[in-house]
Amino acid sequence: MTYLPHLPAKPVALVTIPAAWNAVTLPASWAGRVHDILGDRSGACLEDDAYRHMMWFIPPGTAATWPDTGALDVRVQPTGNRITLAGPDGHAPTMRWHRTPSTAPLTSAHVLRTAIERIVGPLKTAGQLGPVRPCRYCGTLLQGGILLGRMEFASGADRAWYACDSCWFATGGACPGHHPHALPGEPR
């Protein structure tokens, strides 16, 4: 039995967010750390490999006063937005529940924001520093960093890899699996 109303009956479907809940999406590259901080305080949490984000479900309207977090790629999904969502069993191989809706449906928006801010700092200023990215080598979360490489896909789901200054200098600017080099426009 699910306690999160309006999940699709199909394995995956485009859903209009109902008045019963809203959602918050975070980039999968660092959302796992938020999930770890939340622990048992996390409600239902869905990871979507296609969009490379994790999604938490929150009581409706409880994140309405959050500042603009678009630069962090943190998105509040209010009632009426349309999102791709898996049914209660997930959708292998692209969507999986880290916490199922039957376990705990909603996460407190305040608790979720506190967990996010433990990583990025206060939301009202964190977005000014740009997106959060993990260092390709050591995993340190960066706001900025040195671009190592980028792959562009026709779908628009581009990927990029970054390094912190310490790892950049320690590796001589090497991309994983490649010879050391500097990308145009990047500091050495």
# chains A, B, ... in the order shown; residues from 1 in each chain; ligands from 1

call {"tool": "residues_around", "arguments": {"residues": "region 10-17 of chain A", "least_positions_apart": "5", "cutoff": "6 Å", "atoms": "only C-alpha atoms", "output": "PyMOL selection string"}}
result
chain A and resi 79-87+91

call {"tool": "closest_atom_pairs", "arguments": {"of": "region 84-148 of chain A", "to": "region 25-36 of chain A", "cutoff": "7 Å", "atoms": "only C-alpha atoms", "output": "tab-separated table"}}
result
residue	atom	partner	partner_atom	distance
A:Ala115	CA	A:Val34	CA	5.7
A:Ile116	CA	A:Val34	CA	6.0
A:Arg133	CA	A:Ser29	CA	6.8
A:Pro134	CA	A:Ser29	CA	6.7

call {"tool": "write_last_selection", "arguments": {"atoms": "N, CA and C atoms", "output": "JSON list (two decimals), in the first residue's frame"}}
result
[["chain", "number", "residue", "atom", "x", "y", "z"],
["A", 115, "ALA", "N", 19.14, 19.98, 5.79],
["A", 115, "ALA", "CA", 20.12, 19.02, 5.26],
["A", 115, "ALA", "C", 20.84, 19.58, 4.04],
["A", 116, "ILE", "N", 20.10, 20.24, 3.15],
["A", 116, "ILE", "CA", 20.71, 20.85, 1.96],
["A", 116, "ILE", "C", 21.70, 21.94, 2.40],
["A", 133, "ARG", "N", 29.23, 20.82, -7.45],
["A", 133, "ARG", "CA", 29.74, 19.70, -8.25],
["A", 133, "ARG", "C", 30.75, 18.93, -7.42],
["A", 134, "PRO", "N", 30.79, 17.61, -7.55],
["A", 134, "PRO", "CA", 31.82, 16.85, -6.84],
["A", 134, "PRO", "C", 33.14, 16.85, -7.62]]

call {"tool": "residues_around", "arguments": {"residues": "Cys167 (chain A)", "least_positions_apart": "5", "cutoff": "9 Å", "atoms": "only C-alpha atoms", "output": "number ranges by chain"}}
result
A: 135-138, 172-173

call {"tool": "select_by_dssp", "arguments": {"residues": "region 2-94 of chain A", "states": "strand (DSSP E)", "output": "PyMOL selection string"}}
result
chain A and resi 12-16+22-27+45-48+53-58+75-77+82-86

call {"tool": "write_last_selection", "arguments": {"atoms": "N, CA, C and O atoms", "output": "mmCIF file, in the first residue's frame"}}
result
data_model
loop_
_atom_site.group_PDB
_atom_site.id
_atom_site.type_symbol
_atom_site.label_atom_id
_atom_site.label_comp_id
_atom_site.auth_asym_id
_atom_site.auth_seq_id
_atom_site.Cartn_x
_atom_site.Cartn_y
_atom_site.Cartn_z
ATOM 1 N N VAL A 12 6.166 3.866 -15.149
ATOM 2 C CA VAL A 12 6.630 5.251 -15.199
ATOM 3 C C VAL A 12 5.656 6.040 -16.067
ATOM 4 O O VAL A 12 5.122 5.538 -17.043
ATOM 5 N N ALA A 13 5.399 7.293 -15.649
ATOM 6 C CA ALA A 13 4.460 8.127 -16.406
ATOM 7 C C ALA A 13 4.717 9.595 -16.080
ATOM 8 O O ALA A 13 5.317 9.931 -15.062
ATOM 9 N N LEU A 14 4.231 10.450 -16.969
ATOM 10 C CA LEU A 14 4.249 11.888 -16.725
ATOM 11 C C LEU A 14 3.036 12.200 -15.850
ATOM 12 O O LEU A 14 1.911 11.835 -16.178
ATOM 13 N N VAL A 15 3.286 12.847 -14.704
ATOM 14 C CA VAL A 15 2.242 13.074 -13.709
ATOM 15 C C VAL A 15 2.142 14.572 -13.420
ATOM 16 O O VAL A 15 3.158 15.257 -13.324
ATOM 17 N N THR A 16 0.940 15.067 -13.254
ATOM 18 C CA THR A 16 0.736 16.422 -12.769
ATOM 19 C C THR A 16 0.736 16.352 -11.250
ATOM 20 O O THR A 16 0.004 15.564 -10.653
ATOM 21 N N ASN A 22 4.056 18.239 -2.826
ATOM 22 C CA ASN A 22 4.966 18.901 -3.764
ATOM 23 C C ASN A 22 6.235 18.078 -3.764
ATOM 24 O O ASN A 22 6.353 17.096 -3.031
ATOM 25 N N ALA A 23 7.199 18.470 -4.568
ATOM 26 C CA ALA A 23 8.451 17.721 -4.631
ATOM 27 C C ALA A 23 9.624 18.689 -4.706
ATOM 28 O O ALA A 23 9.467 19.847 -5.098
ATOM 29 N N VAL A 24 10.784 18.203 -4.311
ATOM 30 C CA VAL A 24 12.029 18.955 -4.435
ATOM 31 C C VAL A 24 13.029 18.023 -5.105
ATOM 32 O O VAL A 24 13.208 16.878 -4.670
ATOM 33 N N THR A 25 13.656 18.503 -6.187
ATOM 34 C CA THR A 25 14.671 17.703 -6.865
ATOM 35 C C THR A 25 16.044 18.319 -6.641
ATOM 36 O O THR A 25 16.200 19.540 -6.630
ATOM 37 N N LEU A 26 17.026 17.434 -6.455
ATOM 38 C CA LEU A 26 18.421 17.828 -6.258
ATOM 39 C C LEU A 26 19.276 17.047 -7.233
ATOM 40 O O LEU A 26 18.957 15.897 -7.552
ATOM 41 N N PRO A 27 20.411 17.589 -7.678
ATOM 42 C CA PRO A 27 21.293 16.845 -8.565
ATOM 43 C C PRO A 27 21.788 15.562 -7.887
ATOM 44 O O PRO A 27 22.204 15.578 -6.722
ATOM 45 N N CYS A 45 11.825 8.893 -1.334
ATOM 46 C CA CYS A 45 12.900 9.495 -2.118
ATOM 47 C C CYS A 45 13.123 8.646 -3.355
ATOM 48 O O CYS A 45 13.356 7.437 -3.260
ATOM 49 N N LEU A 46 13.043 9.272 -4.508
ATOM 50 C CA LEU A 46 13.149 8.588 -5.796
ATOM 51 C C LEU A 46 14.359 9.115 -6.548
ATOM 52 O O LEU A 46 14.536 10.329 -6.663
ATOM 53 N N GLU A 47 15.196 8.215 -7.055
ATOM 54 C CA GLU A 47 16.323 8.623 -7.890
ATOM 55 C C GLU A 47 15.977 8.351 -9.341
ATOM 56 O O GLU A 47 15.487 7.280 -9.683
ATOM 57 N N ASP A 48 16.239 9.335 -10.191
ATOM 58 C CA ASP A 48 15.953 9.251 -11.619
ATOM 59 C C ASP A 48 17.272 9.384 -12.374
ATOM 60 O O ASP A 48 17.849 10.476 -12.437
ATOM 61 N N HIS A 53 18.721 13.183 -11.101
ATOM 62 C CA HIS A 53 18.347 13.876 -9.879
ATOM 63 C C HIS A 53 17.690 12.905 -8.904
ATOM 64 O O HIS A 53 17.312 11.801 -9.269
ATOM 65 N N MET A 54 17.616 13.353 -7.657
ATOM 66 C CA MET A 54 16.849 12.646 -6.638
ATOM 67 C C MET A 54 15.714 13.573 -6.231
ATOM 68 O O MET A 54 15.863 14.790 -6.244
ATOM 69 N N MET A 55 14.592 12.960 -5.884
ATOM 70 C CA MET A 55 13.381 13.724 -5.602
ATOM 71 C C MET A 55 12.833 13.333 -4.230
ATOM 72 O O MET A 55 12.718 12.152 -3.918
ATOM 73 N N TRP A 56 12.524 14.361 -3.435
ATOM 74 C CA TRP A 56 11.839 14.167 -2.155
ATOM 75 C C TRP A 56 10.450 14.755 -2.276
ATOM 76 O O TRP A 56 10.242 15.756 -2.965
ATOM 77 N N PHE A 57 9.516 14.182 -1.563
ATOM 78 C CA PHE A 57 8.126 14.617 -1.567
ATOM 79 C C PHE A 57 7.856 15.329 -0.246
ATOM 80 O O PHE A 57 8.202 14.818 0.815
ATOM 81 N N ILE A 58 7.283 16.518 -0.339
ATOM 82 C CA ILE A 58 7.085 17.373 0.832
ATOM 83 C C ILE A 58 5.620 17.797 0.918
ATOM 84 O O ILE A 58 4.903 17.737 -0.086
ATOM 85 N N ARG A 75 15.384 22.283 -7.352
ATOM 86 C CA ARG A 75 14.111 22.711 -7.917
ATOM 87 C C ARG A 75 12.945 22.331 -7.009
ATOM 88 O O ARG A 75 12.791 21.161 -6.657
ATOM 89 N N VAL A 76 12.155 23.327 -6.649
ATOM 90 C CA VAL A 76 10.913 23.070 -5.931
ATOM 91 C C VAL A 76 9.844 22.855 -7.000
ATOM 92 O O VAL A 76 9.663 23.689 -7.881
ATOM 93 N N GLN A 77 9.169 21.716 -6.918
ATOM 94 C CA GLN A 77 8.147 21.344 -7.901
ATOM 95 C C GLN A 77 6.771 21.494 -7.239
ATOM 96 O O GLN A 77 6.363 20.639 -6.459
ATOM 97 N N ARG A 82 4.382 19.326 -14.015
ATOM 98 C CA ARG A 82 4.366 17.949 -14.539
ATOM 99 C C ARG A 82 5.767 17.368 -14.394
ATOM 100 O O ARG A 82 6.750 18.022 -14.755
ATOM 101 N N ILE A 83 5.832 16.161 -13.846
ATOM 102 C CA ILE A 83 7.102 15.479 -13.645
ATOM 103 C C ILE A 83 6.979 14.029 -14.078
ATOM 104 O O ILE A 83 5.887 13.467 -14.109
ATOM 105 N N THR A 84 8.098 13.437 -14.430
ATOM 106 C CA THR A 84 8.142 12.012 -14.720
ATOM 107 C C THR A 84 8.307 11.295 -13.396
ATOM 108 O O THR A 84 9.179 11.632 -12.596
ATOM 109 N N LEU A 85 7.463 10.311 -13.155
ATOM 110 C CA LEU A 85 7.433 9.651 -11.864
ATOM 111 C C LEU A 85 7.247 8.153 -12.035
ATOM 112 O O LEU A 85 6.535 7.712 -12.937
ATOM 113 N N ALA A 86 7.898 7.390 -11.195
ATOM 114 C CA ALA A 86 7.751 5.935 -11.196
ATOM 115 C C ALA A 86 6.598 5.531 -10.309
ATOM 116 O O ALA A 86 6.226 6.240 -9.370
#

call {"tool": "residues_around", "arguments": {"residues": "Leu142 (chain A)", "least_positions_apart": "4", "cutoff": "10 Å", "atoms": "only C-alpha atoms", "output": "PyMOL selection string"}}
result
chain A and resi 119-120+129-135+146+162-165

call {"tool": "write_last_selection", "arguments": {"atoms": "N, CA, C and O atoms", "output": "tab-separated table (two decimals), in the first residue's frame"}}
result
chain	number	residue	atom	x	y	z
A	119	ILE	N	25.23	21.23	3.39
A	119	ILE	CA	26.16	20.99	2.29
A	119	ILE	C	26.53	22.29	1.58
A	119	ILE	O	27.70	22.54	1.32
A	120	VAL	N	25.54	23.12	1.25
A	120	VAL	CA	25.79	24.29	0.40
A	120	VAL	C	25.83	25.61	1.15
A	120	VAL	O	26.16	26.63	0.56
A	129	LEU	N	26.90	31.48	-5.66
A	129	LEU	CA	28.20	30.86	-5.92
A	129	LEU	C	28.16	29.86	-7.06
A	129	LEU	O	29.18	29.32	-7.45
A	130	GLY	N	26.98	29.57	-7.58
A	130	GLY	CA	26.86	28.66	-8.70
A	130	GLY	C	26.56	27.23	-8.27
A	130	GLY	O	26.40	26.94	-7.09
A	131	PRO	N	26.50	26.32	-9.25
A	131	PRO	CA	26.12	24.94	-8.96
A	131	PRO	C	27.16	24.21	-8.10
A	131	PRO	O	28.33	24.56	-8.09
A	132	VAL	N	26.69	23.19	-7.42
A	132	VAL	CA	27.56	22.34	-6.60
A	132	VAL	C	27.94	21.14	-7.45
A	132	VAL	O	27.09	20.52	-8.10
A	133	ARG	N	29.23	20.82	-7.45
A	133	ARG	CA	29.74	19.70	-8.25
A	133	ARG	C	30.75	18.93	-7.42
A	133	ARG	O	31.54	19.53	-6.70
A	134	PRO	N	30.79	17.61	-7.55
A	134	PRO	CA	31.82	16.85	-6.84
A	134	PRO	C	33.14	16.85	-7.62
A	134	PRO	O	33.15	16.84	-8.85
A	135	CYS	N	34.27	16.89	-6.90
A	135	CYS	CA	35.57	16.71	-7.54
A	135	CYS	C	35.64	15.29	-8.08
A	135	CYS	O	35.29	14.34	-7.39
A	146	ILE	N	37.54	23.29	-11.43
A	146	ILE	CA	38.22	23.36	-12.71
A	146	ILE	C	37.61	22.31	-13.63
A	146	ILE	O	37.57	21.12	-13.29
A	162	TYR	N	34.67	17.87	-12.99
A	162	TYR	CA	35.42	18.97	-12.39
A	162	TYR	C	36.43	18.43	-11.38
A	162	TYR	O	36.28	17.32	-10.88
A	163	ALA	N	37.44	19.25	-11.09
A	163	ALA	CA	38.42	18.91	-10.07
A	163	ALA	C	38.58	20.10	-9.13
A	163	ALA	O	38.42	21.25	-9.53
A	164	CYS	N	38.91	19.78	-7.87
A	164	CYS	CA	39.27	20.85	-6.94
A	164	CYS	C	40.71	21.27	-7.25
A	164	CYS	O	41.44	20.55	-7.96
A	165	ASP	N	41.13	22.40	-6.75
A	165	ASP	CA	42.48	22.89	-7.02
A	165	ASP	C	43.55	21.89	-6.59
A	165	ASP	O	44.51	21.64	-7.32

call {"tool": "residues_around", "arguments": {"residues": "Arg99 (chain A)", "least_positions_apart": "2", "cutoff": "12 Å", "atoms": "only C-alpha atoms", "output": "number ranges by chain"}}
result
A: 2, 4, 35-36, 38-47, 54-57, 88-90, 96-97, 101-107

call {"tool": "closest_residue", "arguments": {"among": "A:Thr100, A:Ser108, A:Thr125, A:Thr94", "to": "Pro59 (chain A)", "atoms": "only C-alpha atoms"}}
result
A:Ser108

call {"tool": "residues_around", "arguments": {"residues": "Thr65 (chain A)", "least_positions_apart": "5", "cutoff": "12 Å", "atoms": "only C-alpha atoms", "output": "JSON, numbers by chain"}}
result
{"A": [60, 76, 78, 109, 110, 113, 123, 124]}

call {"tool": "write_last_selection", "arguments": {"atoms": "all heavy atoms", "output": "PDB file, in the first residue's frame"}}
result
ATOM      1  N   PRO A  60       2.453  20.081   0.637  1.00  0.00           N
ATOM      2  CA  PRO A  60       2.241  21.139  -0.350  1.00  0.00           C
ATOM      3  C   PRO A  60       2.430  22.535   0.238  1.00  0.00           C
ATOM      4  O   PRO A  60       2.018  22.819   1.354  1.00  0.00           O
ATOM      5  CB  PRO A  60       0.791  20.931  -0.807  1.00  0.00           C
ATOM      6  CG  PRO A  60       0.163  20.065   0.220  1.00  0.00           C
ATOM      7  CD  PRO A  60       1.253  19.280   0.875  1.00  0.00           C
ATOM      8  N   VAL A  76      12.155  23.327  -6.649  1.00  0.00           N
ATOM      9  CA  VAL A  76      10.913  23.070  -5.931  1.00  0.00           C
ATOM     10  C   VAL A  76       9.844  22.855  -7.000  1.00  0.00           C
ATOM     11  O   VAL A  76       9.663  23.689  -7.881  1.00  0.00           O
ATOM     12  CB  VAL A  76      10.545  24.245  -5.002  1.00  0.00           C
ATOM     13  CG1 VAL A  76       9.194  24.002  -4.343  1.00  0.00           C
ATOM     14  CG2 VAL A  76      11.632  24.450  -3.956  1.00  0.00           C
ATOM     15  N   PRO A  78       6.051  22.601  -7.510  1.00  0.00           N
ATOM     16  CA  PRO A  78       4.769  22.839  -6.840  1.00  0.00           C
ATOM     17  C   PRO A  78       3.604  22.105  -7.503  1.00  0.00           C
ATOM     18  O   PRO A  78       3.740  21.537  -8.592  1.00  0.00           O
ATOM     19  CB  PRO A  78       4.608  24.352  -6.979  1.00  0.00           C
ATOM     20  CG  PRO A  78       5.287  24.676  -8.261  1.00  0.00           C
ATOM     21  CD  PRO A  78       6.454  23.713  -8.359  1.00  0.00           C
ATOM     22  N   ALA A 109       9.737  19.902   4.797  1.00  0.00           N
ATOM     23  CA  ALA A 109      10.507  20.843   3.977  1.00  0.00           C
ATOM     24  C   ALA A 109      11.584  21.525   4.813  1.00  0.00           C
ATOM     25  O   ALA A 109      12.682  21.789   4.318  1.00  0.00           O
ATOM     26  CB  ALA A 109       9.587  21.880   3.344  1.00  0.00           C
ATOM     27  N   HIS A 110      11.303  21.801   6.074  1.00  0.00           N
ATOM     28  CA  HIS A 110      12.292  22.432   6.950  1.00  0.00           C
ATOM     29  C   HIS A 110      13.484  21.495   7.186  1.00  0.00           C
ATOM     30  O   HIS A 110      14.639  21.928   7.100  1.00  0.00           O
ATOM     31  CB  HIS A 110      11.651  22.811   8.287  1.00  0.00           C
ATOM     32  CG  HIS A 110      12.636  23.320   9.290  1.00  0.00           C
ATOM     33  ND1 HIS A 110      13.216  24.566   9.192  1.00  0.00           N
ATOM     34  CD2 HIS A 110      13.172  22.740  10.389  1.00  0.00           C
ATOM     35  CE1 HIS A 110      14.070  24.732  10.195  1.00  0.00           C
ATOM     36  NE2 HIS A 110      14.054  23.637  10.938  1.00  0.00           N
ATOM     37  N   ARG A 113      15.478  21.258   3.905  1.00  0.00           N
ATOM     38  CA  ARG A 113      16.270  22.478   3.682  1.00  0.00           C
ATOM     39  C   ARG A 113      17.486  22.505   4.605  1.00  0.00           C
ATOM     40  O   ARG A 113      18.585  22.864   4.173  1.00  0.00           O
ATOM     41  CB  ARG A 113      15.410  23.724   3.909  1.00  0.00           C
ATOM     42  CG  ARG A 113      16.187  25.004   3.693  1.00  0.00           C
ATOM     43  CD  ARG A 113      15.325  26.226   3.823  1.00  0.00           C
ATOM     44  NE  ARG A 113      16.120  27.433   3.698  1.00  0.00           N
ATOM     45  CZ  ARG A 113      15.613  28.623   3.471  1.00  0.00           C
ATOM     46  NH1 ARG A 113      14.314  28.802   3.335  1.00  0.00           N
ATOM     47  NH2 ARG A 113      16.417  29.682   3.372  1.00  0.00           N
ATOM     48  N   LEU A 123      20.651  28.886   1.818  1.00  0.00           N
ATOM     49  CA  LEU A 123      20.099  28.917   0.465  1.00  0.00           C
ATOM     50  C   LEU A 123      20.019  30.324  -0.108  1.00  0.00           C
ATOM     51  O   LEU A 123      20.174  30.504  -1.310  1.00  0.00           O
ATOM     52  CB  LEU A 123      18.708  28.269   0.431  1.00  0.00           C
ATOM     53  CG  LEU A 123      18.649  26.758   0.579  1.00  0.00           C
ATOM     54  CD1 LEU A 123      17.218  26.279   0.405  1.00  0.00           C
ATOM     55  CD2 LEU A 123      19.570  26.066  -0.409  1.00  0.00           C
ATOM     56  N   LYS A 124      19.787  31.321   0.738  1.00  0.00           N
ATOM     57  CA  LYS A 124      19.616  32.668   0.190  1.00  0.00           C
ATOM     58  C   LYS A 124      20.910  33.233  -0.380  1.00  0.00           C
ATOM     59  O   LYS A 124      20.880  34.160  -1.167  1.00  0.00           O
ATOM     60  CB  LYS A 124      18.981  33.614   1.201  1.00  0.00           C
ATOM     61  CG  LYS A 124      19.771  33.934   2.410  1.00  0.00           C
ATOM     62  CD  LYS A 124      18.941  34.870   3.288  1.00  0.00           C
ATOM     63  CE  LYS A 124      19.673  35.255   4.534  1.00  0.00           C
ATOM     64  NZ  LYS A 124      18.863  36.156   5.352  1.00  0.00           N
TER      65      LYS A 124
END

call {"tool": "atom_distance", "arguments": {"atom1": "CA of Leu112 (chain A)", "atom2": "CA of Thr62 (chain A)"}}
result
10.8 Å

call {"tool": "closest_residue", "arguments": {"among": "A:Phe153, A:Leu72, A:Ala63, A:His98", "to": "Gly121 (chain A)", "atoms": "only C-alpha atoms"}}
result
A:Leu72

call {"tool": "atom_distance", "arguments": {"atom1": "CA of Asp49 (chain A)", "atom2": "CA of Ala126 (chain A)"}}
result
25.1 Å

call {"tool": "closest_residue", "arguments": {"among": "A:Ala19, A:Pro67, A:Met151, A:Ala92", "to": "Ala50 (chain A)", "atoms": "only C-alpha atoms"}}
result
A:Ala92

call {"tool": "select_by_dssp", "arguments": {"residues": "chain A", "states": "alpha helix (DSSP H)", "output": "ChimeraX atom specification"}}
result
/A:28-38,109-120,123-126,165-170

call {"tool": "decode", "arguments": {"residues": "region 60-73 of chain A", "atoms": "N, CA, C and O atoms", "output": "CSV table (one decimal), in the first residue's frame"}}
result
chain,number,residue,atom,x,y,z
A,60,PRO,N,2.5,20.1,0.6
A,60,PRO,CA,2.2,21.1,-0.4
A,60,PRO,C,2.4,22.5,0.2
A,60,PRO,O,2.0,22.8,1.4
A,61,GLY,N,3.1,23.4,-0.5
A,61,GLY,CA,3.3,24.8,-0.2
A,61,GLY,C,4.4,25.1,0.9
A,61,GLY,O,4.7,26.2,1.1
A,62,THR,N,5.0,24.0,1.5
A,62,THR,CA,5.9,24.2,2.6
A,62,THR,C,7.3,24.7,2.1
A,62,THR,O,8.1,25.2,3.0
A,63,ALA,N,7.6,24.7,0.8
A,63,ALA,CA,8.9,25.3,0.3
A,63,ALA,C,8.6,26.5,-0.5
A,63,ALA,O,9.5,27.0,-1.2
A,64,ALA,N,7.4,27.1,-0.4
A,64,ALA,CA,7.0,28.2,-1.2
A,64,ALA,C,7.8,29.5,-0.9
A,64,ALA,O,8.0,30.3,-1.7
A,65,THR,N,8.4,29.5,0.3
A,65,THR,CA,9.1,30.7,0.7
A,65,THR,C,10.6,30.5,0.5
A,65,THR,O,11.4,31.4,0.9
A,66,TRP,N,11.0,29.4,0.0
A,66,TRP,CA,12.5,29.2,-0.2
A,66,TRP,C,13.0,30.2,-1.3
A,66,TRP,O,12.2,30.5,-2.2
A,67,PRO,N,14.2,30.7,-1.2
A,67,PRO,CA,14.7,31.6,-2.2
A,67,PRO,C,14.9,30.8,-3.5
A,67,PRO,O,14.9,29.6,-3.5
A,68,ASP,N,15.2,31.6,-4.6
A,68,ASP,CA,15.5,30.9,-5.9
A,68,ASP,C,16.7,30.1,-5.7
A,68,ASP,O,17.8,30.6,-5.4
A,69,THR,N,16.6,28.8,-6.0
A,69,THR,CA,17.8,27.9,-5.9
A,69,THR,C,18.1,27.3,-7.3
A,69,THR,O,18.8,26.3,-7.4
A,70,GLY,N,17.7,28.0,-8.3
A,70,GLY,CA,17.9,27.5,-9.7
A,70,GLY,C,19.4,27.3,-10.0
A,70,GLY,O,19.8,26.4,-10.7
A,71,ALA,N,20.2,28.3,-9.5
A,71,ALA,CA,21.7,28.2,-9.8
A,71,ALA,C,22.3,27.0,-9.2
A,71,ALA,O,23.4,26.5,-9.6
A,72,LEU,N,21.7,26.5,-8.1
A,72,LEU,CA,22.2,25.2,-7.4
A,72,LEU,C,21.6,24.0,-8.1
A,72,LEU,O,22.0,22.9,-7.7
A,73,ASP,N,20.7,24.1,-9.0
A,73,ASP,CA,20.0,23.1,-9.6
A,73,ASP,C,19.1,22.3,-8.6
A,73,ASP,O,18.8,21.1,-8.7
